[in-house]
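Next up, data_8.cif (mmCIF, C-alpha atoms):
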```
data_protein
#
loop_
_atom_site.label_atom_id
_atom_site.label_comp_id
_atom_site.auth_asym_id
_atom_site.auth_seq_id
_atom_site.Cartn_x
_atom_site.Cartn_y
_atom_site.Cartn_z
CA MET A 153 96.69 53.95 187.44
CA SER A 154 98.76 53.63 190.63
CA ARG A 155 102.38 54.69 190.60
CA ILE A 156 105.03 52.54 188.94
CA ASN A 157 107.66 52.25 191.64
CA ILE A 158 110.99 52.75 189.85
CA PRO A 159 113.36 55.73 189.75
CA ASP A 160 112.72 58.48 187.20
CA PHE A 161 115.59 57.89 184.79
CA LYS A 162 116.39 60.78 182.51
CA LYS A 163 115.96 60.18 178.79
CA SER A 164 119.00 61.09 176.74
CA THR A 165 118.42 64.12 174.52
CA LYS A 166 121.64 63.53 172.62
CA ARG A 167 121.45 62.56 168.94
CA LEU A 168 124.34 60.70 167.36
CA ALA A 169 124.97 60.76 163.62
CA VAL A 170 126.47 57.43 162.59
CA LYS A 171 128.00 56.00 159.41
CA LEU A 172 128.92 52.35 159.02
CA ASN A 173 131.28 50.26 156.95
CA ALA A 174 129.91 48.37 153.95
CA SER A 175 128.90 45.20 155.82
CA GLY A 176 127.27 47.14 158.67
CA GLU A 177 125.34 49.34 156.24
CA ARG A 178 124.20 46.32 154.27
CA SER A 179 123.00 44.67 157.50
CA VAL A 180 120.92 47.73 158.47
CA LEU A 181 119.44 47.99 154.97
CA GLN A 182 118.41 44.34 155.27
CA GLY A 183 116.58 45.11 158.53
CA HIS A 184 118.95 43.44 161.01
CA PRO A 185 118.52 44.77 164.57
CA TRP A 186 122.19 44.75 165.64
CA VAL A 187 125.04 47.12 164.77
CA PHE A 188 128.37 45.95 166.15
CA GLU A 189 131.06 48.33 167.38
CA SER A 190 133.37 47.05 164.64
CA SER A 191 130.87 48.22 161.97
CA ILE A 192 130.95 51.87 163.03
CA GLU A 193 133.23 53.98 160.82
CA LYS A 194 132.20 57.46 161.87
CA ILE A 195 130.24 58.99 164.74
CA ASN A 196 129.88 62.72 165.38
CA LYS A 197 130.32 62.63 169.18
CA GLU A 198 131.05 60.22 171.99
CA GLY A 199 128.02 58.08 172.75
CA GLN A 200 126.46 57.09 176.06
CA SER A 201 123.93 54.34 176.67
CA GLY A 202 120.45 55.43 175.67
CA ASP A 203 121.53 58.03 173.11
CA ILE A 204 119.43 58.10 169.94
CA SER A 205 121.65 56.91 167.10
CA VAL A 206 120.66 57.96 163.60
CA ILE A 207 122.35 55.97 160.85
CA PHE A 208 123.02 57.60 157.49
CA ARG A 209 124.07 55.94 154.26
CA LYS A 210 127.60 56.91 153.25
CA ARG A 211 126.83 57.33 149.57
CA ASP A 212 124.21 60.08 149.84
CA ASN A 213 123.69 60.74 153.58
CA ALA A 214 120.17 59.28 153.38
CA PHE A 215 118.52 58.17 156.64
CA ILE A 216 118.47 54.37 156.77
CA GLY A 217 117.62 53.62 160.41
CA VAL A 218 117.61 54.67 164.03
CA GLY A 219 118.47 52.86 167.26
CA LEU A 220 119.69 53.25 170.82
CA TYR A 221 123.41 53.44 171.64
CA ASP A 222 124.66 50.82 174.12
CA ALA A 223 128.08 51.71 175.52
CA ALA A 224 128.19 48.49 177.57
CA SER A 225 127.81 46.04 174.70
CA PRO A 226 129.75 45.03 171.59
CA ILE A 227 126.34 45.32 169.90
CA ARG A 228 126.85 49.07 170.04
CA ILE A 229 123.58 50.17 168.45
CA LYS A 230 120.35 48.27 168.99
CA MET A 231 118.01 49.15 166.15
CA LEU A 232 114.47 50.41 166.70
CA HIS A 233 113.48 51.28 163.15
CA HIS A 234 114.67 50.76 159.58
CA GLY A 235 113.74 52.73 156.48
CA GLU A 236 112.12 56.16 156.35
CA PRO A 237 112.81 58.75 159.08
CA LYS A 238 110.91 58.18 162.32
CA THR A 239 110.65 60.09 165.61
CA ILE A 240 111.35 57.95 168.67
CA ASN A 241 108.74 58.93 171.24
CA SER A 242 105.79 57.52 173.22
CA VAL A 243 103.60 57.34 170.10
CA PHE A 244 106.29 55.28 168.35
CA PHE A 245 106.57 52.77 171.22
CA LYS A 246 102.80 52.53 171.73
CA SER A 247 102.28 51.61 168.08
CA LYS A 248 104.90 48.85 168.40
CA ILE A 249 103.31 47.49 171.59
CA ASP A 250 99.84 47.54 170.00
CA ALA A 251 101.23 45.67 166.99
CA ALA A 252 102.89 43.08 169.25
CA PHE A 253 99.67 42.51 171.21
CA LYS A 254 97.74 42.07 167.97
CA LYS A 255 100.12 39.26 166.92
CA ARG A 256 99.10 37.36 170.09
CA ALA A 257 95.34 37.68 169.45
CA VAL A 258 94.83 34.15 168.09
CA LEU A 259 96.71 32.55 170.98
CA LEU A 260 94.68 34.53 173.53
CA LYS A 261 91.46 33.09 172.10
CA THR A 262 92.57 29.67 173.35
CA ASN A 263 92.27 28.57 176.97
CA THR A 264 95.66 30.17 177.71
CA THR A 265 96.50 32.89 180.26
CA SER A 266 100.26 33.09 179.80
CA TYR A 267 102.09 34.57 176.83
CA ARG A 268 105.12 36.57 175.73
CA LEU A 269 103.95 40.10 174.98
CA LEU A 270 107.34 41.48 173.89
CA PHE A 271 109.97 39.24 172.34
CA GLY A 272 112.96 41.58 172.29
CA GLU A 273 114.38 42.39 168.85
CA ASN A 274 111.68 40.35 167.14
CA ASP A 275 109.04 42.85 168.28
CA GLY A 276 111.29 45.91 167.91
CA PHE A 277 112.43 46.07 171.55
CA PRO A 278 116.04 44.81 171.57
CA GLY A 279 117.13 43.75 175.04
CA LEU A 280 113.62 43.88 176.52
CA ILE A 281 111.23 41.01 177.28
CA ALA A 282 107.69 41.14 178.70
CA ASP A 283 105.78 38.00 179.74
CA VAL A 284 102.27 37.73 181.16
CA TYR A 285 101.23 35.10 183.71
CA ALA A 286 97.50 35.47 184.42
CA ASN A 287 97.22 38.98 185.93
CA VAL A 288 100.98 39.42 186.50
CA LEU A 289 103.29 41.12 184.00
CA VAL A 290 107.00 40.31 184.23
CA VAL A 291 109.32 42.77 182.48
CA LYS A 292 112.92 41.68 182.02
CA MET A 293 115.57 44.20 181.01
CA TYR A 294 118.85 43.09 179.45
CA SER A 295 120.27 46.51 178.58
CA GLU A 296 120.52 49.90 180.24
CA ILE A 297 119.42 51.58 177.01
CA TRP A 298 115.83 51.21 178.25
CA LEU A 299 116.24 53.04 181.56
CA GLY A 300 114.91 56.34 180.24
CA TYR A 301 111.90 54.67 178.61
CA ILE A 302 111.00 51.79 180.92
CA LYS A 303 108.42 53.61 183.03
CA ASP A 304 106.40 54.78 180.01
CA ILE A 305 106.72 51.41 178.28
CA THR A 306 105.62 49.55 181.42
CA GLU A 307 102.51 51.73 181.64
CA MET A 308 101.68 50.97 178.01
CA LEU A 309 102.18 47.23 178.63
CA ILE A 310 99.85 47.34 181.65
CA ASN A 311 97.17 49.11 179.63
CA VAL A 312 97.24 46.67 176.73
CA SER A 313 97.54 43.47 178.81
CA LYS A 314 95.12 44.56 181.59
CA THR A 315 97.49 43.10 184.17
CA GLU A 316 97.30 44.14 187.83
CA THR A 317 100.86 43.52 189.03
CA VAL A 318 104.30 44.11 187.51
CA VAL A 319 107.55 42.39 188.49
CA MET A 320 110.89 43.74 187.26
CA ARG A 321 113.57 41.19 186.39
CA LEU A 322 117.11 42.16 185.44
CA SER A 323 119.93 40.46 183.54
CA ARG A 324 123.02 39.60 185.54
CA ASN A 325 125.00 42.60 184.27
CA LEU A 326 122.21 45.00 185.26
CA GLN A 327 121.89 43.37 188.68
CA GLN A 328 125.55 44.18 189.28
CA ALA A 329 125.18 47.82 188.19
CA ASP A 330 123.96 50.51 190.57
CA PHE A 331 120.82 51.85 188.89
CA GLY A 332 118.55 51.71 191.93
CA LEU A 333 116.70 48.69 190.52
CA VAL A 334 116.33 45.30 192.21
CA ASP A 335 115.82 42.00 190.41
CA GLY A 336 112.46 40.54 191.38
CA ALA A 337 111.04 43.82 192.69
CA VAL A 338 107.27 44.33 192.50
CA ILE A 339 107.09 47.74 190.82
CA TYR A 340 103.33 47.99 190.35
CA GLY A 341 100.37 46.56 192.28
CA THR A 342 100.77 43.82 194.86
CA LEU A 343 101.93 40.21 194.68
CA GLU A 344 100.43 37.90 197.31
CA ASN A 345 102.47 34.89 196.26
CA GLU A 346 105.65 34.78 194.16
CA VAL A 347 104.33 31.55 192.62
CA VAL A 348 101.68 32.56 190.08
CA LYS A 349 99.19 30.09 188.63
CA PHE A 350 98.23 30.23 184.96
CA MET A 351 96.82 28.08 182.18
CA GLU A 352 98.27 26.74 178.95
CA HIS A 353 95.65 25.31 176.58
CA GLY A 354 93.53 24.36 179.58
CA VAL A 355 96.41 22.74 181.49
CA HIS A 356 97.24 24.31 184.86
CA PHE A 357 100.77 25.48 185.69
CA SER A 358 102.62 27.77 188.06
CA ALA A 359 105.69 30.00 187.72
CA ASN A 360 107.89 31.65 190.32
CA VAL A 361 108.04 35.15 188.85
CA ILE A 362 110.56 36.39 191.45
CA LYS A 363 113.17 33.63 191.49
CA GLY A 364 112.40 31.43 188.47
CA HIS A 365 114.64 31.18 185.39
CA LYS A 366 114.21 34.03 182.86
CA THR A 367 110.80 35.46 183.81
CA GLY A 368 109.67 32.36 185.70
CA TYR A 369 108.89 29.87 182.95
CA PHE A 370 109.72 28.93 179.34
CA LEU A 371 106.76 29.86 177.16
CA ASP A 372 108.35 29.21 173.74
CA HIS A 373 107.61 25.45 173.75
CA ARG A 374 103.89 25.86 174.49
CA GLU A 375 102.63 24.41 171.19
CA ASN A 376 105.10 21.52 171.39
CA ARG A 377 103.91 20.77 174.93
CA ARG A 378 100.29 20.71 173.75
CA ARG A 379 101.22 18.36 170.91
CA VAL A 380 103.20 16.04 173.19
CA GLY A 381 100.25 15.95 175.56
CA GLU A 382 97.97 14.78 172.76
CA LEU A 383 100.50 12.11 171.75
CA SER A 384 100.75 10.80 175.32
CA THR A 385 97.24 9.55 176.13
CA GLY A 386 97.56 6.03 177.54
CA LYS A 387 101.33 6.04 176.91
CA THR A 388 104.53 5.96 178.96
CA VAL A 389 106.53 9.18 178.72
CA LEU A 390 110.09 10.28 179.54
CA ASP A 391 110.72 14.03 179.85
CA VAL A 392 114.49 14.71 179.86
CA PHE A 393 115.75 18.10 181.11
CA SER A 394 112.19 18.49 182.37
CA TYR A 395 112.77 21.60 184.54
CA ALA A 396 109.29 22.41 185.97
CA GLY A 397 107.65 19.59 184.02
CA GLY A 398 106.24 21.38 181.00
CA PHE A 399 105.99 18.31 178.78
CA SER A 400 105.35 16.00 181.74
CA VAL A 401 102.36 17.95 182.99
CA HIS A 402 100.70 18.10 179.55
CA ALA A 403 101.23 14.33 179.26
CA LEU A 404 99.67 13.73 182.69
CA ALA A 405 96.74 16.06 181.97
CA ASN A 406 96.12 14.06 178.79
CA GLN A 407 96.01 10.87 180.90
CA ALA A 408 99.37 9.34 180.10
CA LYS A 409 99.78 5.97 181.81
CA GLU A 410 103.14 6.80 183.37
CA VAL A 411 105.39 9.88 183.21
CA THR A 412 109.02 10.20 184.30
CA SER A 413 110.54 13.67 184.73
CA LEU A 414 114.35 13.77 184.67
CA ASP A 415 116.31 16.88 185.67
CA ILE A 416 119.49 17.73 187.55
CA SER A 417 117.59 20.13 189.84
CA LYS A 418 115.63 18.54 192.71
CA GLN A 419 113.94 21.91 193.28
CA ALA A 420 112.72 22.04 189.67
CA LEU A 421 111.41 18.46 189.98
CA GLU A 422 109.44 19.41 193.10
CA ILE A 423 107.83 22.20 191.05
CA ALA A 424 107.09 19.63 188.32
CA LEU A 425 105.29 17.46 190.86
CA GLU A 426 103.34 20.48 192.13
CA ASN A 427 102.41 21.52 188.59
CA GLY A 428 101.20 18.00 187.92
CA ARG A 429 98.99 18.09 191.01
CA LEU A 430 97.29 21.26 189.75
CA ASN A 431 95.58 19.02 187.19
CA HIS A 432 93.42 15.90 187.33
CA TYR A 433 95.30 12.81 186.20
CA THR A 434 95.22 9.08 186.79
CA GLY A 435 98.73 8.02 185.70
CA LYS A 436 101.88 7.78 187.79
CA HIS A 437 104.43 10.61 187.94
CA HIS A 438 108.02 9.60 188.75
CA ILE A 439 111.00 11.90 189.13
CA ILE A 440 114.72 11.27 188.65
CA ALA A 441 117.21 13.85 189.92
CA GLY A 442 120.62 13.63 188.27
CA ASP A 443 122.79 14.26 185.23
CA ALA A 444 120.68 13.57 182.16
CA PHE A 445 123.37 11.69 180.23
CA ALA A 446 124.25 9.42 183.16
CA GLU A 447 120.64 8.78 184.15
CA MET A 448 119.64 7.95 180.58
CA GLU A 449 122.52 5.45 180.41
CA GLN A 450 121.25 3.92 183.63
CA LEU A 451 117.70 3.62 182.29
CA ILE A 452 119.07 1.91 179.15
CA HIS A 453 121.14 -0.45 181.31
CA SER A 454 118.02 -1.40 183.28
CA GLY A 455 116.12 -2.18 180.06
CA LYS A 456 113.58 0.63 180.43
CA THR A 457 111.85 2.06 177.34
CA PHE A 458 109.08 4.63 176.80
CA ASP A 459 106.40 5.26 174.18
CA VAL A 460 107.21 8.99 174.05
CA VAL A 461 110.68 10.42 174.80
CA VAL A 462 111.20 14.20 174.92
CA ILE A 463 114.75 15.60 175.13
CA ASP A 464 114.86 19.39 175.48
CA PRO A 465 118.30 20.41 176.83
CA PRO A 466 119.47 23.90 177.81
CA SER A 467 121.61 25.82 175.35
CA PHE A 468 124.87 23.97 174.76
CA ALA A 469 126.49 26.74 172.68
CA LYS A 470 126.41 30.18 174.24
CA GLN A 471 129.39 31.20 172.11
CA GLN A 472 130.72 30.14 168.72
CA SER A 473 133.66 28.22 170.16
CA GLU A 474 131.23 25.84 171.91
CA VAL A 475 129.42 24.77 168.71
CA PRO A 476 131.53 21.63 167.95
CA LEU A 477 131.06 20.26 171.48
CA ALA A 478 127.36 21.14 171.41
CA LYS A 479 126.89 19.11 168.24
CA LYS A 480 128.57 16.12 169.90
CA LYS A 481 126.18 16.43 172.85
CA TYR A 482 123.14 16.59 170.57
CA ALA A 483 124.40 13.52 168.72
CA GLN A 484 124.85 11.66 172.00
CA LEU A 485 121.36 12.61 173.19
CA ALA A 486 119.79 11.41 169.93
CA LEU A 487 121.48 8.01 170.34
CA LEU A 488 120.46 7.71 173.98
CA GLY A 489 116.92 8.76 173.17
CA GLU A 490 116.65 6.19 170.38
CA LYS A 491 117.61 3.41 172.78
CA LEU A 492 114.95 4.54 175.24
CA THR A 493 112.11 4.74 172.68
CA THR A 494 109.87 1.70 172.25
CA LYS A 495 109.09 0.11 168.88
CA GLY A 496 106.62 2.44 167.16
CA GLY A 497 107.35 5.17 169.70
CA MET A 498 108.01 8.87 169.24
CA LEU A 499 111.35 10.53 169.97
CA ILE A 500 111.18 14.33 170.22
CA LEU A 501 114.50 16.18 170.04
CA ALA A 502 114.82 19.93 170.63
CA SER A 503 117.52 22.60 170.66
CA CYS A 504 117.46 26.18 171.95
CA SER A 505 121.06 26.97 170.93
CA SER A 506 120.78 29.96 168.59
CA ARG A 507 124.34 29.40 167.31
CA ILE A 508 123.32 26.03 165.91
CA ILE A 509 121.01 26.65 162.97
CA ALA A 510 118.05 24.36 162.35
CA ASP A 511 119.59 22.58 159.34
CA ALA A 512 122.73 21.74 161.33
CA PHE A 513 120.66 20.39 164.25
CA PHE A 514 118.53 18.16 162.02
CA ASP A 515 121.66 16.95 160.21
CA VAL A 516 123.20 15.90 163.53
CA ASN A 517 120.04 14.01 164.48
CA LYS A 518 119.90 12.33 161.06
CA ALA A 519 123.53 11.19 161.31
CA SER A 520 122.98 9.79 164.80
CA LEU A 521 119.68 8.02 164.18
CA SER A 522 121.02 6.54 160.94
CA LYS A 523 123.53 4.60 163.05
CA ALA A 524 120.72 2.80 164.88
CA LYS A 525 119.59 -0.64 163.68
CA ARG A 526 116.00 0.50 163.10
CA THR A 527 114.22 2.74 160.65
CA TYR A 528 112.79 6.10 161.55
CA LYS A 529 110.76 8.88 160.00
CA LEU A 530 110.99 12.60 160.72
CA VAL A 531 107.28 13.40 160.86
CA LEU A 532 107.37 17.05 161.95
CA LYS A 533 109.69 20.03 162.42
CA THR A 534 108.58 22.94 164.61
CA GLN A 535 109.82 26.29 165.96
CA HIS A 536 108.63 28.64 168.70
CA ASP A 537 104.98 29.24 169.46
CA THR A 538 103.20 32.22 167.87
CA ASP A 539 103.97 34.64 170.73
CA HIS A 540 107.66 34.28 169.81
CA PRO A 541 107.62 35.74 166.27
CA ILE A 542 110.86 35.55 164.30
CA GLY A 543 112.06 38.93 163.09
CA PHE A 544 115.67 38.13 162.12
CA PRO A 545 117.81 34.99 161.62
CA GLU A 546 119.29 34.84 165.14
CA GLY A 547 115.78 35.18 166.57
CA ALA A 548 114.97 31.66 165.35
CA TYR A 549 116.75 29.82 168.15
CA LEU A 550 114.25 27.03 168.90
CA LYS A 551 113.91 23.95 166.71
CA CYS A 552 112.23 20.65 167.43
CA GLY A 553 111.94 17.38 165.51
CA TYR A 554 109.44 14.53 165.96
CA TYR A 555 110.92 11.15 165.01
CA GLN A 556 108.72 8.07 164.65
CA LEU A 557 110.82 4.95 165.32
CA ASP A 558 109.91 1.46 164.12
#
```

Structure encoded using structure tokens:
Amino acid sequence: MSRINIPDFKKSTKRLAVKLNASGERSVLQGHPWVFESSIEKINKEGQSGDISVIFRKRDNAFIGVGLYDAASPIRIKMLHHGEPKTINSVFFKSKIDAAFKKRAVLLKTNTTSYRLLFGENDGFPGLIADVYANVLVVKMYSEIWLGYIKDITEMLINVSKTETVVMRLSRNLQQADFGLVDGAVIYGTLENEVVKFMEHGVHFSANVIKGHKTGYFLDHRENRRRVGELSTGKTVLDVFSYAGGFSVHALANQAKEVTSLDISKQALEIALENGRLNHYTGKHHIIAGDAFAEMEQLIHSGKTFDVVVIDPPSFAKQQSEVPLAKKKYAQLALLGEKLTTKGGMLILASCSSRIIADAFFDVNKASLSKAKRTYKLVLKTQHDTDHPIGFPEGAYLKCGYYQLD
């Protein structure tokens, strides 16, 4: 294997002994991956990011879990293991990576060459994401706790995924820190083009792995995109908040009659057009660049309706204080979507706001659609695709409802 081109960060050899308050201890015993600063009652020495943090039960000093200390986050300890004592070393991480890869086995038997290999906390790697696009692995780090381990982990990821190139992506806070890492750097192999082509259930796509959002694309909706594609044959389709045209391209590839991609970003819409052209289709592909709410109002005003309407907005609630406004926005989108859906059509509403639980989201949609002067039926509820396993409540951020309207 050629050299992974990142600095040799020193692993911390310090071990912290930690005891928590009652709620923190209960959370760890229940397998939750986060320990907040406010839960820590006692720690034997001052911690630095990357220190191994061993958590003991107050009652009898029994080992109940181990994690990595993060001095830069209110989530002060990010858990790696719960239960019986465990040594954190290369063998430990390799077993977790092998287990994660095994969970993706069924998906990789389909005509799909892109998948999430590590889904952060849900795969036992809090603050670390790894996505594969064809022969390119994109590793995104959200926390400095991984600096001492990232080279070894990257090598393990290359071995299991058989990828030939690795791109390092960094969260905004890590980009601003001086660790000698650069967001978008190719740290292994070569990258001829920052736009990488891949397949999703036989449909061709591309992702900009250097400059694109997250790691270049949003893989979590893959199964919903496949399903929307199948629903769209011979139909007219509106894809709201389309970004790079995920739903639009599946609709086109399934020979939709006419597809309209709506997004505020002209650059994203250009990518959507390009992604569409990677596939054979006979329908028309229109784009609308503008604010989704305003443009949907305009379409309603012009009397336009569609057989399939997909509304998949960005997260409206990044913090708890934004939840009430987010619910109002979801309610507004449901009403707008209903007006744009033809008689007998399908309205698909999605949310990726982790702070709005699924029940609350579906309640908002129900309240909004009940105001319309037509009947509807919720025919399906879905979550992330299988390469986004849910390991704890907050990990279940994506929810999607399919509403058949009369």

Handout entry: Residue with smallest distance to A:Arg378 - pool A:Pro466, A:Glu296, A:Leu289, A:Thr262, counting only C-alpha atoms
Key =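 Checking each of A:Pro466, A:Glu296, A:Leu289, A:Thr262 against A:Arg378, counting only C-alpha atoms, the winner is A:Thr262.
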
Handout entry: Picked residues, the PyMOL selection byres ((chain A and resi 174) around 10), as an NGL selection string
Key = :A and (171-173 or 175-179 or 191-193 or 209-210)

Practice task
Please write as JSON, numbers by chain the full residue list that the PyMOL selection byres ((chain A and resi 331-340) around 10) yields on this file.
Solution key: {"A": [153, 154, 155, 156, 157, 158, 159, 161, 288, 289, 290, 291, 292, 293, 296, 299, 303, 306, 307, 310, 315, 316, 317, 318, 319, 320, 321, 322, 323, 324, 326, 327, 328, 329, 330, 341, 342, 343, 346, 361, 362, 363, 364, 367]}

Exercise for the section: Report the distance between atom CA of A:Arg429 and atom CA of A:Phe399 in Å, rounded to one decimal place. Expected result: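 Interatomic distance, atom CA of A:Arg429 to atom CA of A:Phe399: 14.1 Å.
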
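For the pair atom CA of A:Tyr369 and atom CA of A:Thr534, the interatomic distance is 19.6 Å.
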
Practice task
List the neighbours of A:Lys491 out to 8 Å using all atoms listed in the file; skip same-chain residues closer than 3 positions along the sequence, and give me the result as a list in words.
Solution key: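 Listed by chain and then number, they are Ile452, Thr457, Leu487, Leu488 and Thr494 of chain A.
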
Practice task
For the structure shown, which residues end up in the PyMOL selection byres ((chain A and resi 195) around 8)? Put them as a count of residues only, please?
Solution key: 10

Handout entry: Between atom CA of A:Glu236 and atom CA of A:Thr165, distance in Å (one decimal)
Key =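 These two atoms are separated by 20.8 Å.
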
Practice task
Could you give me, as an MDAnalysis selection string, the residues within 12 Å of A:Lys480, counting only C-alpha atoms and dropping anything in the same chain fewer than 3 positions from it?
Solution key: chainID A and resid 468:469 474:477 483:487 508 512:513 515:517 519:520

Problem - Given all atoms listed in the file as the counted atoms, nearest of A:Glu422, A:Trp186, A:Gln200, A:Val180 to A:Arg167 - result: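 The answer is A:Gln200, which sits nearest to A:Arg167.
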
Fill in the blank from the handout: Of A:Asn406, A:Lys456, A:Asp250, A:Gln182, the one sitting nearest A:Gly435 when using only C-alpha atoms is A:Asn406

Would you fill out stretch 450-457 of chain A with all heavy atoms and return it as a tab-separated table (two decimals), in the coordinates of the input?
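That gives us result_15.tsv:
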```tsv
chain	number	residue	atom	x	y	z
A	450	GLN	N	121.72	4.83	182.61
A	450	GLN	CA	121.25	3.92	183.63
A	450	GLN	C	119.90	3.31	183.26
A	450	GLN	O	119.65	2.11	183.46
A	450	GLN	CB	121.15	4.65	184.98
A	450	GLN	CG	120.78	3.78	186.17
A	450	GLN	CD	121.76	2.64	186.40
A	450	GLN	OE1	122.98	2.83	186.30
A	450	GLN	NE2	121.25	1.45	186.69
A	451	LEU	N	119.01	4.13	182.72
A	451	LEU	CA	117.70	3.62	182.29
A	451	LEU	C	117.87	2.58	181.17
A	451	LEU	O	117.17	1.56	181.15
A	451	LEU	CB	116.83	4.78	181.81
A	451	LEU	CG	116.27	5.71	182.89
A	451	LEU	CD1	115.67	6.96	182.26
A	451	LEU	CD2	115.21	4.98	183.72
A	452	ILE	N	118.79	2.87	180.24
A	452	ILE	CA	119.07	1.91	179.15
A	452	ILE	C	119.60	0.61	179.73
A	452	ILE	O	119.17	-0.50	179.35
A	452	ILE	CB	120.08	2.52	178.14
A	452	ILE	CG1	119.44	3.69	177.39
A	452	ILE	CG2	120.56	1.45	177.15
A	452	ILE	CD1	120.43	4.55	176.64
A	453	HIS	N	120.53	0.72	180.67
A	453	HIS	CA	121.14	-0.45	181.31
A	453	HIS	C	120.09	-1.32	182.01
A	453	HIS	O	120.19	-2.55	182.03
A	453	HIS	CB	122.20	0.01	182.31
A	453	HIS	CG	122.96	-1.12	182.95
A	453	HIS	ND1	123.86	-1.90	182.26
A	453	HIS	CD2	122.92	-1.61	184.23
A	453	HIS	CE1	124.36	-2.82	183.07
A	453	HIS	NE2	123.80	-2.67	184.27
A	454	SER	N	119.06	-0.66	182.56
A	454	SER	CA	118.02	-1.40	183.28
A	454	SER	C	116.93	-1.94	182.35
A	454	SER	O	115.99	-2.60	182.79
A	454	SER	CB	117.37	-0.50	184.34
A	454	SER	OG	116.69	0.58	183.73
A	455	GLY	N	117.05	-1.65	181.04
A	455	GLY	CA	116.12	-2.18	180.06
A	455	GLY	C	114.82	-1.39	179.93
A	455	GLY	O	113.85	-1.87	179.33
A	456	LYS	N	114.80	-0.18	180.44
A	456	LYS	CA	113.58	0.63	180.43
A	456	LYS	C	113.39	1.31	179.07
A	456	LYS	O	114.35	1.82	178.47
A	456	LYS	CB	113.68	1.71	181.52
A	456	LYS	CG	112.44	2.52	181.74
A	456	LYS	CD	111.41	1.79	182.57
A	456	LYS	CE	110.26	2.71	182.93
A	456	LYS	NZ	109.14	1.98	183.50
A	457	THR	N	112.17	1.30	178.56
A	457	THR	CA	111.85	2.06	177.34
A	457	THR	C	110.52	2.79	177.54
A	457	THR	O	109.74	2.45	178.45
A	457	THR	CB	111.75	1.16	176.09
A	457	THR	OG1	110.75	0.16	176.32
A	457	THR	CG2	113.08	0.52	175.76
```
